[in-house]
file final_22.cif (mmCIF, C-alpha atoms)
data_final
loop_
_atom_site.label_atom_id
_atom_site.label_comp_id
_atom_site.auth_asym_id
_atom_site.auth_seq_id
_atom_site.Cartn_x
_atom_site.Cartn_y
_atom_site.Cartn_z
CA MET S 1 20.51 -19.96 -12.74
CA ARG S 2 17.92 -17.20 -12.93
CA LEU S 3 15.04 -16.95 -10.47
CA LEU S 4 12.10 -14.58 -10.24
CA HIS S 5 10.97 -13.62 -6.74
CA THR S 6 7.48 -12.18 -6.23
CA SER S 7 4.94 -12.14 -3.40
CA ASP S 8 1.89 -10.47 -1.87
CA TRP S 9 -0.34 -10.42 -4.93
CA HIS S 10 -3.47 -10.06 -2.75
CA VAL S 11 -5.71 -11.00 -5.64
CA GLY S 12 -9.30 -10.03 -4.88
CA LYS S 13 -8.34 -7.02 -2.76
CA THR S 14 -10.69 -4.08 -3.17
CA LEU S 15 -9.90 -0.43 -2.50
CA LYS S 16 -12.62 1.61 -0.78
CA GLY S 17 -15.17 -0.78 -2.27
CA ARG S 18 -13.68 -0.57 -5.79
CA SER S 19 -12.82 -3.89 -7.44
CA ARG S 20 -9.26 -4.03 -8.74
CA LEU S 21 -9.43 -7.46 -10.35
CA GLU S 22 -8.88 -6.10 -13.85
CA GLU S 23 -5.89 -4.11 -12.63
CA GLN S 24 -4.52 -7.15 -10.78
CA GLU S 25 -4.81 -9.17 -13.96
CA GLN S 26 -2.72 -6.60 -15.84
CA VAL S 27 -0.03 -6.68 -13.15
CA LEU S 28 0.15 -10.47 -13.08
CA ARG S 29 0.26 -10.60 -16.87
CA GLU S 30 3.23 -8.25 -16.72
CA ILE S 31 4.97 -10.57 -14.22
CA VAL S 32 4.42 -13.54 -16.54
CA GLY S 33 5.90 -11.50 -19.38
CA ILE S 34 8.99 -10.65 -17.32
CA ALA S 35 9.52 -14.31 -16.43
CA ARG S 36 9.39 -15.29 -20.09
CA GLU S 37 11.53 -12.40 -21.29
CA HIS S 38 14.32 -13.30 -18.89
CA GLU S 39 13.85 -17.06 -19.39
CA VAL S 40 13.96 -17.73 -15.67
CA ASP S 41 14.55 -21.22 -14.38
CA ALA S 42 12.16 -20.85 -11.45
CA VAL S 43 9.56 -18.50 -10.01
CA LEU S 44 9.25 -18.16 -6.23
CA VAL S 45 5.91 -16.79 -5.00
CA ALA S 46 6.38 -16.04 -1.30
CA GLY S 47 2.79 -16.03 -0.07
CA ASP S 48 -0.43 -14.00 0.02
CA LEU S 49 -1.60 -15.05 -3.40
CA TYR S 50 -5.08 -13.97 -2.31
CA ASP S 51 -6.34 -11.20 -0.07
CA THR S 52 -8.78 -13.42 1.78
CA ALA S 53 -9.04 -17.01 2.93
CA ALA S 54 -12.27 -17.32 0.91
CA PRO S 55 -11.41 -15.79 -2.49
CA SER S 56 -14.02 -15.40 -5.20
CA ALA S 57 -14.12 -17.75 -8.16
CA GLN S 58 -12.82 -14.92 -10.36
CA ALA S 59 -9.85 -14.37 -8.04
CA GLN S 60 -9.04 -18.08 -8.03
CA GLN S 61 -9.26 -18.26 -11.80
CA LEU S 62 -6.81 -15.38 -12.12
CA VAL S 63 -4.27 -16.93 -9.75
CA VAL S 64 -4.52 -20.34 -11.43
CA ARG S 65 -4.10 -18.83 -14.91
CA THR S 66 -1.10 -16.83 -13.72
CA LEU S 67 0.64 -19.81 -12.14
CA MET S 68 0.04 -21.88 -15.27
CA GLY S 69 1.34 -19.03 -17.43
CA LEU S 70 4.51 -18.87 -15.36
CA ALA S 71 5.05 -22.63 -15.71
CA ARG S 72 4.10 -22.87 -19.38
CA ASP S 73 7.64 -22.57 -20.77
CA GLY S 74 9.15 -25.06 -18.33
CA ALA S 75 10.11 -22.87 -15.37
CA ALA S 76 9.72 -24.45 -11.95
CA VAL S 77 6.97 -22.54 -10.09
CA ILE S 78 6.86 -22.75 -6.29
CA ALA S 79 4.25 -20.88 -4.24
CA ILE S 80 3.52 -20.89 -0.52
CA ALA S 81 0.59 -19.69 1.58
CA GLY S 82 0.74 -16.37 3.38
CA ASN S 83 -1.27 -15.14 6.35
CA HIS S 84 -4.12 -14.01 4.05
CA ASP S 85 -4.38 -17.39 2.31
CA HIS S 86 -6.24 -20.51 3.42
CA PRO S 87 -3.45 -23.08 3.92
CA ALA S 88 -5.67 -26.16 3.55
CA ALA S 89 -7.24 -24.76 0.38
CA ILE S 90 -3.79 -24.13 -1.10
CA ASP S 91 -2.80 -27.71 -0.27
CA ALA S 92 -6.02 -29.00 -1.84
CA TYR S 93 -4.75 -27.78 -5.22
CA ARG S 94 -1.40 -29.62 -4.86
CA PRO S 95 -2.18 -32.68 -7.01
CA LEU S 96 -3.62 -30.67 -9.90
CA ALA S 97 -0.91 -28.03 -9.64
CA GLY S 98 1.80 -30.68 -9.55
CA ALA S 99 0.57 -32.12 -12.84
CA ALA S 100 1.11 -28.66 -14.37
CA GLY S 101 4.64 -28.29 -12.99
CA ILE S 102 3.57 -26.05 -10.11
CA THR S 103 4.44 -26.76 -6.48
CA LEU S 104 2.02 -25.39 -3.89
CA VAL S 105 2.74 -25.55 -0.16
CA GLY S 106 -0.02 -24.39 2.14
CA THR S 107 1.09 -25.78 5.49
CA VAL S 108 4.42 -26.49 7.15
CA ARG S 109 5.77 -29.85 6.02
CA THR S 110 8.70 -32.11 6.73
CA ALA S 111 11.47 -32.15 4.15
CA ALA S 112 10.41 -35.60 2.98
CA ARG S 113 6.76 -34.58 2.54
CA GLY S 114 7.25 -31.40 0.55
CA GLY S 115 8.95 -28.95 2.93
CA VAL S 116 12.01 -29.05 0.66
CA VAL S 117 11.59 -28.68 -3.10
CA GLU S 118 14.38 -29.58 -5.54
CA PHE S 119 14.66 -28.73 -9.21
CA THR S 120 17.27 -28.63 -11.97
CA ALA S 121 17.77 -25.31 -13.76
CA ARG S 122 16.86 -25.73 -17.40
CA SER S 123 19.44 -23.12 -18.48
CA THR S 124 22.50 -24.41 -16.62
CA GLY S 125 21.73 -27.91 -15.38
CA GLU S 126 22.56 -26.77 -11.84
CA ARG S 127 20.63 -28.19 -8.92
CA ALA S 128 18.61 -26.06 -6.51
CA THR S 129 17.21 -26.87 -3.09
CA VAL S 130 14.39 -24.72 -1.74
CA ALA S 131 13.33 -24.85 1.92
CA VAL S 132 9.75 -23.54 2.04
CA LEU S 133 8.08 -22.09 5.11
CA PRO S 134 4.47 -20.90 4.68
CA PHE S 135 3.09 -18.43 7.21
CA LEU S 136 2.93 -19.99 10.64
CA SER S 137 0.64 -18.54 13.29
CA GLN S 138 1.75 -18.63 16.90
CA ARG S 139 -0.92 -21.09 17.96
CA TYR S 140 0.35 -23.67 15.45
CA ALA S 141 4.07 -23.00 15.97
CA VAL S 142 4.50 -25.58 18.70
CA ARG S 143 2.65 -28.27 16.76
CA ALA S 144 4.65 -27.57 13.59
CA ALA S 145 7.96 -27.52 15.47
CA GLU S 146 7.22 -30.92 16.99
CA LEU S 147 6.17 -32.29 13.61
CA VAL S 148 9.20 -31.09 11.66
CA ALA S 149 11.99 -30.92 14.21
CA ASN S 150 10.66 -33.30 16.87
CA THR S 151 11.40 -30.66 19.49
CA PRO S 152 9.62 -30.85 22.87
CA ALA S 153 7.36 -27.85 23.23
CA GLU S 154 8.59 -27.13 26.75
CA ASN S 155 12.10 -26.53 25.39
CA THR S 156 11.04 -24.06 22.70
CA ASN S 157 8.88 -21.37 24.27
CA GLU S 158 9.64 -18.55 21.84
CA TYR S 159 8.10 -18.16 18.42
CA ASP S 160 11.46 -17.44 16.78
CA GLN S 161 12.88 -20.60 18.39
CA HIS S 162 10.12 -22.65 16.79
CA LEU S 163 10.99 -21.16 13.42
CA ARG S 164 14.70 -21.79 14.01
CA ASP S 165 13.94 -25.43 14.72
CA ILE S 166 11.77 -25.80 11.64
CA LEU S 167 14.22 -24.03 9.33
CA GLY S 168 17.10 -25.98 10.83
CA ALA S 169 15.37 -29.22 9.94
CA LEU S 170 14.40 -28.06 6.45
CA THR S 171 17.86 -26.68 5.57
CA ALA S 172 19.84 -29.57 7.01
CA GLY S 173 20.17 -31.00 3.51
CA PHE S 174 21.76 -27.90 1.94
CA ARG S 175 24.70 -28.93 -0.26
CA ASP S 176 27.84 -27.20 -1.49
CA ASP S 177 27.17 -28.27 -5.10
CA ALA S 178 23.66 -26.80 -5.26
CA VAL S 179 22.00 -23.41 -5.05
CA ASN S 180 20.45 -23.31 -1.58
CA LEU S 181 17.30 -21.21 -1.24
CA VAL S 182 14.83 -20.37 1.52
CA MET S 183 11.34 -19.04 0.84
CA ALA S 184 9.20 -17.88 3.76
CA HIS S 185 6.27 -15.62 4.64
CA LEU S 186 7.08 -13.86 7.91
CA THR S 187 8.22 -10.66 9.61
CA VAL S 188 11.94 -10.10 10.14
CA LEU S 189 13.12 -7.71 12.85
CA ASN S 190 14.09 -4.26 11.51
CA GLY S 191 12.04 -4.82 8.37
CA VAL S 192 10.13 -1.73 7.23
CA PHE S 193 6.38 -2.09 6.85
CA GLY S 194 4.91 -1.26 3.48
CA GLY S 195 1.74 0.22 4.94
CA GLY S 196 -0.98 -2.31 4.17
CA GLU S 197 0.04 -5.38 6.15
CA ARG S 198 -2.35 -7.06 8.59
CA ALA S 199 -1.03 -5.65 11.86
CA ALA S 200 -2.24 -8.48 14.10
CA GLN S 201 0.05 -10.93 12.28
CA SER S 202 2.99 -8.58 11.77
CA ILE S 203 3.53 -7.19 15.27
CA PHE S 204 6.57 -7.71 17.45
CA GLU S 205 5.48 -11.14 18.71
CA TYR S 206 5.67 -12.38 15.12
CA ALA S 207 9.02 -10.78 14.28
CA VAL S 208 12.11 -12.97 14.11
CA PRO S 209 15.78 -12.04 13.69
CA ALA S 210 17.46 -12.49 10.33
CA THR S 211 19.96 -14.82 11.99
CA ILE S 212 17.42 -17.65 11.82
CA PHE S 213 18.41 -18.13 8.17
CA PRO S 214 21.47 -20.33 7.67
CA VAL S 215 24.59 -18.69 6.27
CA GLU S 216 24.73 -21.40 3.59
CA SER S 217 21.66 -19.86 1.92
CA HIS S 218 22.42 -18.31 -1.45
CA TYR S 219 19.18 -16.33 -1.31
CA VAL S 220 16.23 -15.95 1.08
CA ALA S 221 12.99 -14.96 -0.69
CA LEU S 222 10.56 -13.38 1.75
CA GLY S 223 6.95 -12.29 1.56
CA HIS S 224 4.67 -10.43 4.00
CA LEU S 225 6.16 -6.92 4.21
CA HIS S 226 4.95 -4.95 1.20
CA ARG S 227 7.95 -2.66 0.79
CA ARG S 228 10.92 -3.73 -1.33
CA GLN S 229 13.96 -4.07 0.96
CA ARG S 230 17.11 -5.97 1.70
CA ILE S 231 17.59 -7.16 5.27
CA ASP S 232 21.06 -7.08 6.83
CA ALA S 233 21.99 -10.70 7.44
CA PRO S 234 24.89 -13.15 6.98
CA CYS S 235 23.25 -14.27 3.71
CA PRO S 236 21.19 -12.38 1.07
CA VAL S 237 17.72 -11.81 2.60
CA HIS S 238 15.20 -9.88 0.50
CA TYR S 239 11.58 -8.80 0.57
CA CYS S 240 10.44 -8.18 -3.01
CA GLY S 241 7.42 -6.21 -1.81
CA ALA S 242 3.93 -6.15 -3.28
CA PRO S 243 3.69 -5.63 -7.07
CA LEU S 244 0.62 -3.40 -6.59
CA ALA S 245 0.00 -0.89 -3.80
CA ILE S 246 -3.01 -2.25 -1.93
CA ASP S 247 -3.98 0.96 -0.13
CA PHE S 248 -2.94 4.59 0.26
CA GLY S 249 -0.47 3.71 3.00
CA GLU S 250 1.64 2.15 0.22
CA GLN S 251 1.40 4.99 -2.28
CA ASP S 252 5.11 5.84 -2.06
CA ASN S 253 6.33 2.25 -2.51
CA THR S 254 7.99 1.28 -5.78
CA PRO S 255 6.49 -2.03 -7.00
CA VAL S 256 9.03 -4.48 -8.40
CA VAL S 257 9.84 -8.14 -8.84
CA CYS S 258 13.33 -9.42 -8.09
CA LEU S 259 15.43 -11.15 -10.74
CA VAL S 260 17.94 -13.34 -8.90
CA GLU S 261 21.05 -14.87 -10.46
CA ALA S 262 22.81 -17.51 -8.39
CA SER S 263 25.18 -20.42 -8.73
CA PRO S 264 26.71 -22.88 -6.25
CA GLY S 265 29.37 -21.24 -4.13
CA THR S 266 28.43 -17.66 -5.17
CA PRO S 267 26.06 -15.28 -3.35
CA ALA S 268 23.08 -14.19 -5.37
CA LYS S 269 23.01 -11.09 -7.55
CA VAL S 270 19.65 -9.31 -7.36
CA THR S 271 18.16 -6.93 -9.93
CA ASP S 272 14.89 -5.06 -9.37
CA ILE S 273 12.50 -4.98 -12.32
CA PRO S 274 9.76 -2.33 -11.97
CA ILE S 275 6.10 -3.25 -12.34
CA THR S 276 4.28 -0.49 -14.19
CA SER S 277 0.80 -1.85 -14.93
CA GLY S 278 -0.91 -0.87 -11.69
CA ARG S 279 -2.76 2.42 -11.23
CA ARG S 280 -0.93 4.92 -9.06
CA LEU S 281 -2.31 5.86 -5.65
CA ARG S 282 -1.94 9.52 -4.65
CA THR S 283 -2.97 11.89 -1.88
CA VAL S 284 -3.90 15.43 -2.95
CA ARG S 285 -4.87 18.50 -0.93
CA GLY S 286 -6.52 21.81 -1.73
CA THR S 287 -9.65 23.87 -1.94
CA VAL S 288 -12.28 22.83 -4.45
CA ALA S 289 -10.89 25.39 -6.90
CA GLU S 290 -7.35 24.10 -6.41
CA LEU S 291 -8.51 20.51 -6.83
CA ALA S 292 -10.23 21.45 -10.09
CA ALA S 293 -6.85 22.58 -11.41
CA LEU S 294 -5.44 19.12 -10.63
CA ALA S 295 -8.04 17.25 -12.64
CA GLU S 296 -5.95 16.88 -15.80
CA GLN S 297 -2.83 15.85 -13.86
CA ALA S 298 -4.71 13.12 -11.98
CA GLY S 299 -5.28 10.97 -15.05
CA ASP S 300 -6.56 7.55 -13.98
CA ASP S 301 -4.83 7.64 -10.58
CA TYR S 302 -6.79 6.59 -7.53
CA LEU S 303 -6.95 9.54 -5.17
CA ARG S 304 -7.26 10.25 -1.48
CA VAL S 305 -8.42 13.85 -1.24
CA TRP S 306 -8.01 16.22 1.71
CA VAL S 307 -10.30 19.21 1.15
CA ARG S 308 -9.05 22.47 2.63
CA GLU S 309 -12.50 23.93 3.22
CA PRO S 310 -15.10 23.51 5.97
CA ALA S 311 -17.61 20.72 5.42
CA ARG S 312 -20.85 21.54 3.65
CA ALA S 313 -23.66 19.64 2.02
CA GLY S 314 -22.71 18.21 -1.36
CA LEU S 315 -18.98 18.80 -0.95
CA ARG S 316 -18.02 15.20 -1.57
CA GLU S 317 -20.14 15.05 -4.70
CA GLU S 318 -18.46 18.21 -6.03
CA VAL S 319 -15.01 16.72 -5.49
CA VAL S 320 -15.89 13.39 -7.12
CA ALA S 321 -17.36 15.21 -10.11
CA LEU S 322 -14.06 17.05 -10.54
CA LEU S 323 -11.86 14.03 -9.75
CA PRO S 324 -13.58 10.76 -10.75
CA GLY S 325 -10.65 8.80 -9.32
CA ALA S 326 -11.31 10.14 -5.81
CA LEU S 327 -12.04 7.11 -3.64
CA GLU S 328 -11.66 8.84 -0.30
CA VAL S 329 -12.67 12.45 0.43
CA ARG S 330 -11.92 13.99 3.81
CA ILE S 331 -11.74 17.43 5.36
CA ASP S 332 -8.18 18.56 6.06
CA PRO S 333 -7.65 18.49 9.85
CA GLU S 334 -6.99 22.24 9.80
CA PHE S 335 -10.56 22.80 8.61
CA ALA S 336 -12.22 19.99 10.54
CA ALA S 337 -14.88 20.67 13.12
CA PRO S 338 -13.58 21.41 16.63
CA VAL S 339 -14.13 18.82 19.29
CA ALA S 340 -17.59 19.31 20.71
CA THR S 341 -17.88 20.37 24.34
CA ALA S 342 -20.68 19.25 26.59
CA ARG S 343 -23.76 21.55 26.66
CA PRO S 344 -24.77 23.00 29.97
CA ALA S 345 -27.23 20.80 31.80
CA THR S 346 -29.48 23.83 32.45
CA GLY S 347 -30.61 26.72 30.28
CA PRO S 348 -33.54 27.91 28.21
CA GLU S 349 -35.38 25.29 26.23
CA ARG S 350 -34.40 25.34 22.55
CA SER S 351 -36.29 24.33 19.47
CA PRO S 352 -35.31 21.30 17.36
CA SER S 353 -34.02 23.67 14.67
CA GLU S 354 -31.78 25.43 17.19
CA LEU S 355 -30.45 22.11 18.45
CA PHE S 356 -29.80 20.96 14.91
CA ARG S 357 -28.00 24.23 14.11
CA GLU S 358 -25.81 23.66 17.18
CA TYR S 359 -25.05 20.12 16.00
CA LEU S 360 -24.04 21.40 12.56
CA GLY S 361 -21.68 23.82 14.27
CA THR S 362 -19.94 20.98 16.08
CA ARG S 363 -19.43 19.27 12.71
CA GLY S 364 -18.08 22.38 11.01
CA VAL S 365 -21.03 22.54 8.61
CA ALA S 366 -22.37 25.99 7.73
CA ASP S 367 -25.01 25.54 5.04
CA PRO S 368 -28.49 27.15 5.26
CA ARG S 369 -29.83 24.57 2.80
CA VAL S 370 -29.26 21.79 5.30
CA GLU S 371 -31.07 23.72 8.02
CA GLN S 372 -34.00 24.43 5.69
CA LEU S 373 -34.22 20.77 4.69
CA PHE S 374 -34.24 19.73 8.36
CA ALA S 375 -37.00 22.23 9.11
CA ARG S 376 -39.18 20.89 6.26
CA LEU S 377 -38.63 17.27 7.31
CA HIS S 378 -39.34 18.10 10.94
CA ASP S 379 -42.58 19.82 10.02
CA ARG S 380 -43.62 16.88 7.83
CA VAL S 381 -42.95 14.33 10.57
CA THR S 382 -44.57 16.32 13.38
CA GLY S 383 -47.46 17.60 11.29
CA ALA S 384 -46.64 21.25 12.04
CA SER S 385 -48.12 23.78 9.64
#

call {"tool": "encode", "arguments": {"input": "final_22.cif", "output": "structure tokens"}}
result
Amino acid sequence: MRLLHTSDWHVGKTLKGRSRLEEQEQVLREIVGIAREHEVDAVLVAGDLYDTAAPSAQAQQLVVRTLMGLARDGAAVIAIAGNHDHPAAIDAYRPLAGAAGITLVGTVRTAARGGVVEFTARSTGERATVAVLPFLSQRYAVRAAELVANTPAENTNEYDQHLRDILGALTAGFRDDAVNLVMAHLTVLNGVFGGGERAAQSIFEYAVPATIFPVESHYVALGHLHRRQRIDAPCPVHYCGAPLAIDFGEQDNTPVVCLVEASPGTPAKVTDIPITSGRRLRTVRGTVAELAALAEQAGDDYLRVWVREPARAGLREEVVALLPGALEVRIDPEFAAPVATARPATGPERSPSELFREYLGTRGVADPRVEQLFARLHDRVTGAS
């Protein structure tokens, strides 16, 4: 059977205040096209459909249309909540989504109540069993472990032990004559961060070893870390990564979706399919003259610009005029203002203009126009002639 693994859409995410909804729509349309081109039997969406727990109506419309597009030709579509999603809101859509052939799982569930999803591959007639584990915060880990595995909280004090108990209960029904899959949104030890993850829910306390996944798994589809990577484990464990770089920390990542081919008794074969619709994020450096020479090369890329000149009034506006895609303009550290030292407590009294000139010096700004503007404003406010 053929499966498509994707995650971390982060629909609704903005970049430096710039909406990317149109760009996100292009990326998701490309993913739907890939699913149809390869006639996949199922699509696994491993969490973080949205960037916020309270997505806009436009963001929700885009996600719903995408999920329906993926399911339109008969593929089984299974999506779980990530740490950016609102689990209860995801579950609220379950009845409507189910009528459209889409399975949504927002919160941890027992196998009998939706924690295990089964489907038959339309291409081969083979059976598949999917154990689904949405993101689980530490404060709910004990409650979920007791619910699913009936494990006394005092016997499972570690977060990874809670997850072991839950996954053990959910994968207990794995069979030799079926393709056994796990889909989860979590951090695995030794996984490499993509650059834009929410640190508070990705730190060491949330990391679990890859050994929590049973060796009987044909494929483990993970979400949360935004960089495409395979994790060393007794079974195939993969992060597909985000299909669109969400900030400049991810500019060097290669966005893909994973095409997975699996059959009972055979480990999965994984092929990366690049996603090309998103705008590239780049960091450029140079003087204003050097940046002007880069204007044609920049195209429609979003840019983070490090200016190799001291700060001056109007510098940002000059750069943006040259490079309309510049969303972030900073002074290169080599040209940044030195750290200000404390002024002596005693000394001759100085005028406001002298104090302001000293302040400009601490900020690395040398522009007579700014000093003249300050002098005019000071005179206006104080009534000086």

call {"tool": "resolve_selection", "arguments": {"input": "final_22.cif", "expression": "the PyMOL selection byres ((chain S and resi 234-236) around 7)", "output": "ChimeraX atom specification"}}
result
/S:215,217-220,233,237-238,268

call {"tool": "atom_distance", "arguments": {"input": "final_22.cif", "atom1": "atom CA of Val63 of chain S", "atom2": "atom CA of Thr103 of chain S"}}
result
13.5 Å

call {"tool": "closest_residue", "arguments": {"input": "final_22.cif", "among": "S:Ala89, S:Ala46, S:Ala59, S:Ala321", "to": "Ala131 of chain S", "atoms": "all atoms listed in the file"}}
result
S:Ala46

call {"tool": "resolve_selection", "arguments": {"input": "final_22.cif", "expression": "the PyMOL selection byres ((chain S and resi 52) around 8)", "output": "list in words"}}
result
His10, Gly12, Lys13, Tyr50, Asp51, Ala53, Ala54, Pro55, His84, Asp85 and His86 of chain S

call {"tool": "closest_residue", "arguments": {"input": "final_22.cif", "among": "S:Met1, S:Pro214, S:His378, S:Gly101", "to": "Met68 of chain S", "atoms": "only C-alpha atoms"}}
result
S:Gly101

call {"tool": "atom_distance", "arguments": {"input": "final_22.cif", "atom1": "atom CA of Tyr359 of chain S", "atom2": "atom CA of Glu371 of chain S"}}
result
10.6 Å

call {"tool": "resolve_selection", "arguments": {"input": "final_22.cif", "expression": "the PyMOL selection byres ((chain S and resi 74) around 9)", "output": "list in words"}}
result
Asp41, Ala42, Leu70, Ala71, Arg72, Asp73, Ala75, Ala76, Val77, Gly101 and Arg122 of chain S

call {"tool": "write_last_selection", "arguments": {"input": "final_22.cif", "atoms": "C-alpha atoms", "output": "compact mmCIF listing (two decimals), keeping the file's coordinate frame"}}
result
# COMPACT_ATOMS: atom_id res chain seq x y z
CA ASP S 41 14.55 -21.22 -14.38
CA ALA S 42 12.16 -20.85 -11.45
CA LEU S 70 4.51 -18.87 -15.36
CA ALA S 71 5.05 -22.63 -15.71
CA ARG S 72 4.10 -22.87 -19.38
CA ASP S 73 7.64 -22.57 -20.77
CA ALA S 75 10.11 -22.87 -15.37
CA ALA S 76 9.72 -24.45 -11.95
CA VAL S 77 6.97 -22.54 -10.09
CA GLY S 101 4.64 -28.29 -12.99
CA ARG S 122 16.86 -25.73 -17.40

call {"tool": "atom_distance", "arguments": {"input": "final_22.cif", "atom1": "atom CA of Ala178 of chain S", "atom2": "atom CA of Ala128 of chain S"}}
result
5.3 Å

call {"tool": "closest_residue", "arguments": {"input": "final_22.cif", "among": "S:Thr124, S:Asn190, S:Ser277, S:Ser263", "to": "Ile231 of chain S", "atoms": "only C-alpha atoms"}}
result
S:Asn190

call {"tool": "closest_residue", "arguments": {"input": "final_22.cif", "among": "S:Ala289, S:Leu222, S:Leu327, S:Val365", "to": "Arg312 of chain S", "atoms": "all atoms listed in the file"}}
result
S:Val365

call {"tool": "residues_around", "arguments": {"input": "final_22.cif", "residues": "Leu21 of chain S", "least_positions_apart": "4", "cutoff": "12 Å", "atoms": "only C-alpha atoms", "output": "ChimeraX atom specification"}}
result
/S:9-15,17,25-28,50-51,55-63,244,246,278-279

call {"tool": "closest_residue", "arguments": {"input": "final_22.cif", "among": "S:Ala295, S:Ala92, S:Ala210, S:Val192", "to": "Gly241 of chain S", "atoms": "all atoms listed in the file"}}
result
S:Val192

call {"tool": "residues_around", "arguments": {"input": "final_22.cif", "residues": "segment 296-308 of chain S", "least_positions_apart": "5", "cutoff": "7 Å", "atoms": "all atoms listed in the file", "output": "PyMOL selection string"}}
result
chain S and resi 279-288+325-332+335

call {"tool": "residues_near_point", "arguments": {"input": "final_22.cif", "point": "(-23.1, 23.5, 3.4)", "cutoff": "12 Å", "atoms": "all atoms listed in the file", "output": "PyMOL selection string"}}
result
chain S and resi 309-316+318+357+360-361+363-373

call {"tool": "residues_around", "arguments": {"input": "final_22.cif", "residues": "Asp247 of chain S", "least_positions_apart": "2", "cutoff": "9 Å", "atoms": "all atoms listed in the file", "output": "tab-separated table (two decimals) with C-alpha atoms, keeping the file's coordinate frame"}}
result
chain	number	residue	atom	x	y	z
S	14	THR	CA	-10.69	-4.08	-3.17
S	15	LEU	CA	-9.90	-0.43	-2.50
S	16	LYS	CA	-12.62	1.61	-0.78
S	195	GLY	CA	1.74	0.22	4.94
S	196	GLY	CA	-0.98	-2.31	4.17
S	245	ALA	CA	0.00	-0.89	-3.80
S	249	GLY	CA	-0.47	3.71	3.00
S	250	GLU	CA	1.64	2.15	0.22
S	251	GLN	CA	1.40	4.99	-2.28
S	281	LEU	CA	-2.31	5.86	-5.65

call {"tool": "residues_around", "arguments": {"input": "final_22.cif", "residues": "Ala88 of chain S", "least_positions_apart": "4", "cutoff": "10 Å", "atoms": "all atoms listed in the file", "output": "list of chain:residue names"}}
result
S:Ala53, S:Ala81, S:Ala92, S:Tyr93, S:Val105, S:Gly106, S:Thr107

call {"tool": "decode", "arguments": {"input": "final_22.cif", "residues": "segment 108-121 of chain S", "atoms": "N, CA and C atoms", "output": "PDB file, in the first residue's frame"}}
result
ATOM      1  N   VAL S 108      -5.912  12.107  23.346  1.00  0.00           N
ATOM      2  CA  VAL S 108      -5.547  10.698  23.498  1.00  0.00           C
ATOM      3  C   VAL S 108      -6.799   9.879  23.792  1.00  0.00           C
ATOM      4  N   ARG S 109      -6.926   8.760  23.088  1.00  0.00           N
ATOM      5  CA  ARG S 109      -8.109   7.913  23.213  1.00  0.00           C
ATOM      6  C   ARG S 109      -7.720   6.460  23.397  1.00  0.00           C
ATOM      7  N   THR S 110      -8.624   5.691  23.973  1.00  0.00           N
ATOM      8  CA  THR S 110      -8.416   4.249  24.027  1.00  0.00           C
ATOM      9  C   THR S 110      -8.536   3.682  22.620  1.00  0.00           C
ATOM     10  N   ALA S 111      -8.040   2.476  22.446  1.00  0.00           N
ATOM     11  CA  ALA S 111      -8.123   1.837  21.131  1.00  0.00           C
ATOM     12  C   ALA S 111      -9.573   1.707  20.684  1.00  0.00           C
ATOM     13  N   ALA S 112     -10.450   1.362  21.617  1.00  0.00           N
ATOM     14  CA  ALA S 112     -11.845   1.127  21.265  1.00  0.00           C
ATOM     15  C   ALA S 112     -12.585   2.414  20.928  1.00  0.00           C
ATOM     16  N   ARG S 113     -12.076   3.559  21.417  1.00  0.00           N
ATOM     17  CA  ARG S 113     -12.784   4.819  21.199  1.00  0.00           C
ATOM     18  C   ARG S 113     -12.067   5.737  20.207  1.00  0.00           C
ATOM     19  N   GLY S 114     -11.239   5.158  19.358  1.00  0.00           N
ATOM     20  CA  GLY S 114     -10.646   5.945  18.292  1.00  0.00           C
ATOM     21  C   GLY S 114      -9.146   6.109  18.359  1.00  0.00           C
ATOM     22  N   GLY S 115      -8.496   5.518  19.375  1.00  0.00           N
ATOM     23  CA  GLY S 115      -7.042   5.599  19.470  1.00  0.00           C
ATOM     24  C   GLY S 115      -6.339   4.695  18.474  1.00  0.00           C
ATOM     25  N   VAL S 116      -7.065   3.760  17.897  1.00  0.00           N
ATOM     26  CA  VAL S 116      -6.555   2.903  16.827  1.00  0.00           C
ATOM     27  C   VAL S 116      -7.521   3.022  15.646  1.00  0.00           C
ATOM     28  N   VAL S 117      -6.958   3.329  14.486  1.00  0.00           N
ATOM     29  CA  VAL S 117      -7.762   3.495  13.273  1.00  0.00           C
ATOM     30  C   VAL S 117      -7.381   2.387  12.302  1.00  0.00           C
ATOM     31  N   GLU S 118      -8.370   1.718  11.732  1.00  0.00           N
ATOM     32  CA  GLU S 118      -8.118   0.653  10.758  1.00  0.00           C
ATOM     33  C   GLU S 118      -8.729   1.029   9.410  1.00  0.00           C
ATOM     34  N   PHE S 119      -8.037   0.651   8.350  1.00  0.00           N
ATOM     35  CA  PHE S 119      -8.588   0.863   7.010  1.00  0.00           C
ATOM     36  C   PHE S 119      -8.055  -0.223   6.084  1.00  0.00           C
ATOM     37  N   THR S 120      -8.732  -0.382   4.956  1.00  0.00           N
ATOM     38  CA  THR S 120      -8.308  -1.333   3.929  1.00  0.00           C
ATOM     39  C   THR S 120      -7.795  -0.539   2.733  1.00  0.00           C
ATOM     40  N   ALA S 121      -6.583  -0.869   2.289  1.00  0.00           N
ATOM     41  CA  ALA S 121      -5.985  -0.153   1.159  1.00  0.00           C
ATOM     42  C   ALA S 121      -6.800  -0.418  -0.102  1.00  0.00           C
TER      43      ALA S 121
END
